[in-house]
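Engineer: Here it is: the structure, laid out below.
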Amino acid sequence: MRNISQGKLVFLVALFLVIFDNVSFFTNVTEVYPLSGNNIYFIGSLVVVLLFFTNILLTLLSSKYTTKLFLILIVLISAFTNYFMNTYSVVIDDSMIQNSLQTNFAESLDLFSLQLLAYAFFLGVIPAYIIYKLPIEYKSFKQESYAKFKSIILSLIIIVILVLSFSKYYTSFFREHKTLRYHTNPTYWMYSLGKYINTTFNSAPTVVQSIGDDAKISETMNEKKELVILVVGEAARADRFSLNGYEKETNPLLKKEDIINFSNVSSCGTSTAVSVPCMFSIFGKDDYDYKKGIGTQNILDVISKSGVEVLWRDNNSDSKGVALRVSFEDYRTPQRNTICVDGECRDIGMLVGLDKFIEKNKGKDILIVLHQMGNHGPAYYKRYPKEFEKFTPVCKTNQLEQCTKEELSNAYDNAILYTDYFLSHVINFLKPYGNTHETAMIYLSDHGESLGENGLYLHGMPYFMAPESQTKVGAMMWFGSEDIKEDVNVDKLKTYRDKPFSQDYLFSTLLNIFEVDTKLYDKKLDILYDATKSQ
């Protein structure tokens, strides 16, 4: 086998990546610039510009001792990102990388498919093996540096000439269609990875800032203690709840309860890794970032300081750092969750044994957080027992693009139906405690989900370009005991249930429910403020 120069290998890998791993990018480009007239020449120029830009990037990052390893990693990762971008129309940005790194093994298995293996083998393993076997002829450091310099300069000249030649097109491409760049592979995921590393590892604080040290409960000695269950939903979009007018009856049990359903609630993010820590933080959506989130205590810490006993039970991946300083129990395993079938542990199992926890903490205010598996995709058909398969036919694969719109919707809606069943059981669990506690349930999903609309699946799109199906979430409240209804005017609360709210309201709303006095409380971000009878 003939030796190959480092520069030539880098260029060939760049060419391979542009041709085989950028289907999503050019598909989106042709939707904006149809293949007709002068658009054809512009798209041709885009191919060349992307090729030489990728060549510059790989050239800058290559060196004598790392070139092969670096290029092998690039083609392997790009094969996987290519699959997910093509299959689910997702964008690999920093929040998606964060969400992926925080996904556990069981969730990863839901994404496994023969098609994924094919992508990995033909676009990852085979080219990686070829790169590994190719003998590279390295020159002296001075010669290699000069060769890299010439390659970069030549690439820049070609890019400049093409951009100037099609300046009218590139002006609109860069100004009006910025989101198209998010589909380039590997350039955008490499940029996003760097951004994630910078904001996560390099800037992570070593000390968590304490907040709410002044928090104290203002209830009288004779008042009943609060018992509140907060259910954090998973991927439950608002428009699939029949309580919000959806044509299928997905909430047959909840409609029988005295529910205050909020139809217009926006999430903080489009992924669990962002939305869950954000909704519990003191920071609103516009101010929240990862560094602030992990570097500052949250609402669970604040109400714990006031004397409320907090328990987090998790049937999802984990609490995303929210429950690090309160009691935490993992219900993803049969060792703790007694209702598991074929490796799928049901949300309803989180209710088992809660009575013992409440008895143990008699005389205390209690907040119990239940983090659902809910509608976690893409294997929606796994999220509910067989008896909840009311809507048929059902999509029974994680290859969502292989299912019809009806099959996909039915599987997703059946999972919503099971959430209806679960929330109904939460309410019925709380009802007997109305004699001894002021009881309430809050349900708030973390984010929504795309089900093939406009070719999008799952979630995780950058927020500014995400459809409402990913940002409008299911949300409701239920107040059980008559005592708590003496504090909250439920009828008035129902009059503004369609008002725009967001997950930013959770912090101060919880402070109100538990009657916690602290300077952190903001009545403008308290859903209950206008309906609180003492106001």
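Each chain in the structure tokens gets a letter, A, B and so on, in the order shown; residues start at 1 in every chain, and ligands are counted from 1 in the order they appear.
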Can you list, as a count of residues only, every protein, DNA or RNA residue that comes within 9 Å of stretch 404-406 of chain A when you count only C-alpha atoms, leaving out same-chain residues fewer than 3 positions away?
Structural biologist: 11
Engineer: Fewer than 3 positions away in the same chain doesn't count, so skip those; otherwise give me all residues within 8 Å of stretch 471-479 of chain A, counting only C-alpha atoms, as a count of residues only.
Structural biologist: 37
Engineer: Which one is closest to A:Gln297: A:Ser210, A:Thr59, A:Ser469, A:Thr220? Count only C-alpha atoms.
Structural biologist: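 The shortest atom-to-atom distance to A:Gln297 comes from A:Ser210.
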Engineer: Would you pick out the contacts of A:Gln6 at 10 Å or less, using only C-alpha atoms, so that residues sharing its chain but fewer than 4 positions from it are not included, and give the list as a list in words?
Structural biologist: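 My list of contacting residues is Val10, Phe11, Thr59, Ser62, Ser63, Lys64, Thr67, Lys68, Pro135, Ile136, Glu137, Tyr138, Lys139, Glu144, Ala147 and Lys148 of chain A.
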Engineer: Save out the residues we just selected, all heavy atoms, as a CSV table (one decimal), in the first residue's frame.
Structural biologist:
```csv
chain,number,residue,atom,x,y,z
A,10,VAL,N,-6.2,14.1,5.1
A,10,VAL,CA,-7.1,15.0,5.7
A,10,VAL,C,-8.2,15.5,4.7
A,10,VAL,O,-9.4,15.5,5.0
A,10,VAL,CB,-6.4,16.2,6.3
A,10,VAL,CG1,-7.4,17.3,6.7
A,10,VAL,CG2,-5.6,15.8,7.6
A,11,PHE,N,-7.7,15.8,3.5
A,11,PHE,CA,-8.6,16.3,2.4
A,11,PHE,C,-9.6,15.2,2.0
A,11,PHE,O,-10.8,15.4,1.8
A,11,PHE,CB,-7.8,16.8,1.2
A,11,PHE,CG,-8.7,17.3,0.1
A,11,PHE,CD1,-9.2,18.6,0.2
A,11,PHE,CD2,-9.0,16.5,-1.0
A,11,PHE,CE1,-10.0,19.1,-0.8
A,11,PHE,CE2,-9.9,17.0,-2.0
A,11,PHE,CZ,-10.3,18.3,-1.9
A,59,THR,N,-7.4,20.2,9.2
A,59,THR,CA,-6.0,20.5,9.1
A,59,THR,C,-5.4,21.2,10.3
A,59,THR,O,-4.4,20.8,10.8
A,59,THR,CB,-5.7,21.4,7.8
A,59,THR,OG1,-6.2,20.7,6.6
A,59,THR,CG2,-4.2,21.8,7.7
A,62,SER,N,-5.1,18.6,13.1
A,62,SER,CA,-4.2,17.4,12.9
A,62,SER,C,-2.8,17.6,13.3
A,62,SER,O,-2.3,18.8,13.2
A,62,SER,CB,-4.3,16.9,11.4
A,62,SER,OG,-3.8,17.9,10.6
A,63,SER,N,-2.1,16.6,13.7
A,63,SER,CA,-0.7,16.7,14.0
A,63,SER,C,-0.1,15.3,13.8
A,63,SER,O,-0.8,14.3,13.6
A,63,SER,CB,-0.4,17.1,15.4
A,63,SER,OG,-0.9,16.2,16.3
A,64,LYS,N,1.2,15.2,13.8
A,64,LYS,CA,1.9,13.9,13.5
A,64,LYS,C,1.5,12.8,14.3
A,64,LYS,O,1.3,11.7,13.9
A,64,LYS,CB,3.4,14.2,13.6
A,64,LYS,CG,4.2,12.9,13.3
A,64,LYS,CD,5.7,13.2,13.3
A,64,LYS,CE,6.5,12.0,13.0
A,64,LYS,NZ,8.0,12.2,13.1
A,67,THR,N,-3.1,12.5,14.2
A,67,THR,CA,-3.9,12.6,13.0
A,67,THR,C,-4.9,11.4,12.8
A,67,THR,O,-6.1,11.6,12.7
A,67,THR,CB,-3.1,12.8,11.8
A,67,THR,OG1,-2.3,14.0,11.8
A,67,THR,CG2,-3.9,12.8,10.5
A,68,LYS,N,-4.3,10.2,12.9
A,68,LYS,CA,-5.2,9.0,12.7
A,68,LYS,C,-6.2,8.9,13.7
A,68,LYS,O,-7.4,8.6,13.4
A,68,LYS,CB,-4.3,7.8,12.6
A,68,LYS,CG,-3.6,7.5,11.3
A,68,LYS,CD,-3.0,6.1,11.3
A,68,LYS,CE,-2.4,5.8,9.9
A,68,LYS,NZ,-2.0,4.5,9.7
A,135,PRO,N,-0.8,3.9,5.5
A,135,PRO,CA,0.5,4.4,6.0
A,135,PRO,C,0.7,5.9,5.6
A,135,PRO,O,0.5,6.3,4.5
A,135,PRO,CB,1.5,3.6,5.3
A,135,PRO,CG,0.9,3.1,4.0
A,135,PRO,CD,-0.6,3.0,4.3
A,136,ILE,N,0.9,6.7,6.6
A,136,ILE,CA,1.1,8.2,6.4
A,136,ILE,C,2.6,8.5,6.3
A,136,ILE,O,3.4,8.1,7.1
A,136,ILE,CB,0.5,9.0,7.5
A,136,ILE,CG1,-1.0,8.7,7.6
A,136,ILE,CG2,0.6,10.5,7.2
A,136,ILE,CD1,-1.7,9.4,8.7
A,137,GLU,N,2.9,9.2,5.2
A,137,GLU,CA,4.3,9.7,5.1
A,137,GLU,C,4.5,11.1,5.7
A,137,GLU,O,4.0,12.1,5.1
A,137,GLU,CB,4.7,9.7,3.6
A,137,GLU,CG,6.1,10.1,3.3
A,137,GLU,CD,6.4,10.2,1.8
A,137,GLU,OE1,5.6,9.8,1.0
A,137,GLU,OE2,7.5,10.7,1.5
A,138,TYR,N,5.1,11.1,6.8
A,138,TYR,CA,5.3,12.4,7.5
A,138,TYR,C,6.6,13.0,7.1
A,138,TYR,O,7.6,12.3,7.0
A,138,TYR,CB,5.3,12.2,9.0
A,138,TYR,CG,3.9,11.8,9.6
A,138,TYR,CD1,3.7,10.5,10.0
A,138,TYR,CD2,2.9,12.8,9.7
A,138,TYR,CE1,2.4,10.2,10.5
A,138,TYR,CE2,1.7,12.4,10.2
A,138,TYR,CZ,1.4,11.1,10.6
A,138,TYR,OH,0.2,10.8,11.1
A,139,LYS,N,6.6,14.3,6.9
A,139,LYS,CA,7.8,15.0,6.6
A,139,LYS,C,8.3,15.7,7.8
A,139,LYS,O,7.8,15.5,8.9
A,139,LYS,CB,7.5,16.0,5.5
A,139,LYS,CG,7.0,15.4,4.2
A,139,LYS,CD,6.7,16.5,3.1
A,139,LYS,CE,6.1,15.8,1.9
A,139,LYS,NZ,5.7,16.8,0.9
A,144,GLU,N,5.9,19.9,7.1
A,144,GLU,CA,4.5,19.7,7.4
A,144,GLU,C,3.8,21.0,7.7
A,144,GLU,O,2.7,21.2,7.3
A,144,GLU,CB,4.4,18.7,8.6
A,144,GLU,CG,4.7,17.3,8.3
A,144,GLU,CD,3.7,16.6,7.4
A,144,GLU,OE1,2.6,17.2,7.2
A,144,GLU,OE2,4.0,15.5,6.9
A,147,ALA,N,3.2,22.8,4.5
A,147,ALA,CA,2.2,22.1,3.7
A,147,ALA,C,0.8,22.4,4.3
A,147,ALA,O,-0.2,22.7,3.5
A,147,ALA,CB,2.4,20.6,3.7
A,148,LYS,N,0.7,22.5,5.6
A,148,LYS,CA,-0.6,22.8,6.2
A,148,LYS,C,-0.9,24.3,5.9
A,148,LYS,O,-2.1,24.6,5.7
A,148,LYS,CB,-0.5,22.6,7.7
A,148,LYS,CG,-0.5,21.1,8.1
A,148,LYS,CD,-0.2,20.9,9.6
A,148,LYS,CE,-1.4,21.3,10.4
A,148,LYS,NZ,-1.3,20.9,11.9
```
Engineer: Taking only C-alpha atoms into account, name the residue in A:Ala415, A:Ile348, A:Val426, A:Leu506 that is nearest to A:Asp522.
Structural biologist: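 Of A:Ala415, A:Ile348, A:Val426, A:Leu506, the one nearest A:Asp522 is A:Leu506, counting only C-alpha atoms.
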Engineer: Give one line per residue of stretch 393-476 of chain A that approaches stretch 82-86 of chain A to at most 10 Å, naming the two atoms of the closest pair and their distance in Å to one decimal, counting only C-alpha atoms; sort by chain then ascending residue number and deliver it as a Markdown table.
Structural biologist:
```
| residue | atom | partner | partner_atom | distance |
| --- | --- | --- | --- | --- |
| A:Glu401 | CA | A:Asn86 | CA | 9.8 |
| A:Gly455 | CA | A:Asn86 | CA | 9.7 |
| A:Leu456 | CA | A:Met85 | CA | 9.6 |
| A:Tyr457 | CA | A:Met85 | CA | 9.8 |
```
Engineer: Next, dump the selected residues to file, keeping only N, CA and C atoms, as a PDB file, in the first residue's frame.
Structural biologist:
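Once everything was written out, this is out_28.pdb:
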```
ATOM      1  N   GLU A 401     -39.677   7.001  11.534  1.00  0.00           N
ATOM      2  CA  GLU A 401     -39.973   7.361  10.149  1.00  0.00           C
ATOM      3  C   GLU A 401     -40.579   6.191   9.371  1.00  0.00           C
ATOM      4  N   GLY A 455     -41.352  16.931   9.463  1.00  0.00           N
ATOM      5  CA  GLY A 455     -40.195  16.047   9.435  1.00  0.00           C
ATOM      6  C   GLY A 455     -39.418  15.974  10.730  1.00  0.00           C
ATOM      7  N   LEU A 456     -39.919  16.583  11.807  1.00  0.00           N
ATOM      8  CA  LEU A 456     -39.217  16.591  13.095  1.00  0.00           C
ATOM      9  C   LEU A 456     -39.740  15.491  14.007  1.00  0.00           C
ATOM     10  N   TYR A 457     -38.818  14.883  14.751  1.00  0.00           N
ATOM     11  CA  TYR A 457     -39.179  13.864  15.723  1.00  0.00           C
ATOM     12  C   TYR A 457     -38.478  14.170  17.051  1.00  0.00           C
TER      13      TYR A 457
END
```
Engineer: Would you list the contacts of A:Gly284 as a PyMOL selection string, taking every protein, DNA or RNA residue within 8 Å and counting only C-alpha atoms, but skipping same-chain residues closer than 5 positions in sequence?
Structural biologist: chain A and resi 268+278-279+504
Engineer: Could you check the closest approach to A:Ala128 for each of A:Ile74, A:Val308, A:Met373, A:Val47 and tell me which residue wins, using only C-alpha atoms?
Structural biologist: A:Ile74
Engineer: With only C-alpha atoms as the counted atoms, please give the residues lying no more than 10 Å from A:Leu324, apart from itself and same-chain residues fewer than 2 positions off, as a ChimeraX atom specification.
Structural biologist: /A:297,300-301,312,319-322,326-328
Engineer: Keeping only N, CA, C and O atoms, write the selected residues to a file as a CSV table (one decimal), in the first residue's frame.
Structural biologist:
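The result, written out as selection-v1.csv:
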```csv
chain,number,residue,atom,x,y,z
A,297,GLN,N,-28.2,26.9,44.7
A,297,GLN,CA,-29.3,26.0,45.3
A,297,GLN,C,-30.6,26.3,44.6
A,297,GLN,O,-30.8,27.3,44.0
A,300,LEU,N,-36.0,23.2,46.0
A,300,LEU,CA,-36.0,22.1,47.0
A,300,LEU,C,-35.1,22.4,48.2
A,300,LEU,O,-35.4,22.1,49.3
A,301,ASP,N,-34.0,23.0,47.9
A,301,ASP,CA,-33.1,23.4,49.0
A,301,ASP,C,-33.7,24.4,49.9
A,301,ASP,O,-33.6,24.4,51.1
A,312,TRP,N,-37.4,12.9,46.6
A,312,TRP,CA,-37.5,12.8,45.2
A,312,TRP,C,-37.4,11.3,44.8
A,312,TRP,O,-36.5,10.6,45.1
A,319,SER,N,-32.3,13.1,38.5
A,319,SER,CA,-32.9,14.5,38.8
A,319,SER,C,-32.2,15.6,38.1
A,319,SER,O,-32.5,16.7,38.2
A,320,LYS,N,-31.1,15.3,37.3
A,320,LYS,CA,-30.3,16.3,36.6
A,320,LYS,C,-29.7,17.3,37.6
A,320,LYS,O,-29.6,18.5,37.3
A,321,GLY,N,-29.3,16.8,38.7
A,321,GLY,CA,-28.7,17.6,39.7
A,321,GLY,C,-29.6,18.3,40.7
A,321,GLY,O,-29.1,19.0,41.6
A,322,VAL,N,-30.9,18.3,40.5
A,322,VAL,CA,-31.8,19.0,41.3
A,322,VAL,C,-31.9,18.5,42.7
A,322,VAL,O,-32.0,19.2,43.7
A,326,VAL,N,-31.3,16.5,48.8
A,326,VAL,CA,-32.5,16.1,49.4
A,326,VAL,C,-32.5,14.5,49.3
A,326,VAL,O,-31.7,14.0,48.6
A,327,SER,N,-33.5,13.9,50.0
A,327,SER,CA,-33.6,12.5,49.9
A,327,SER,C,-34.0,12.1,48.4
A,327,SER,O,-34.9,12.6,47.8
A,328,PHE,N,-33.2,11.1,47.9
A,328,PHE,CA,-33.4,10.6,46.5
A,328,PHE,C,-33.5,9.1,46.5
A,328,PHE,O,-32.8,8.4,47.1
```
Engineer: Take atom CA of A:Arg313 and atom CA of A:Glu329 and report the distance between them in Å, one decimal.
Structural biologist: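 Those two atoms sit 4.8 Å apart.
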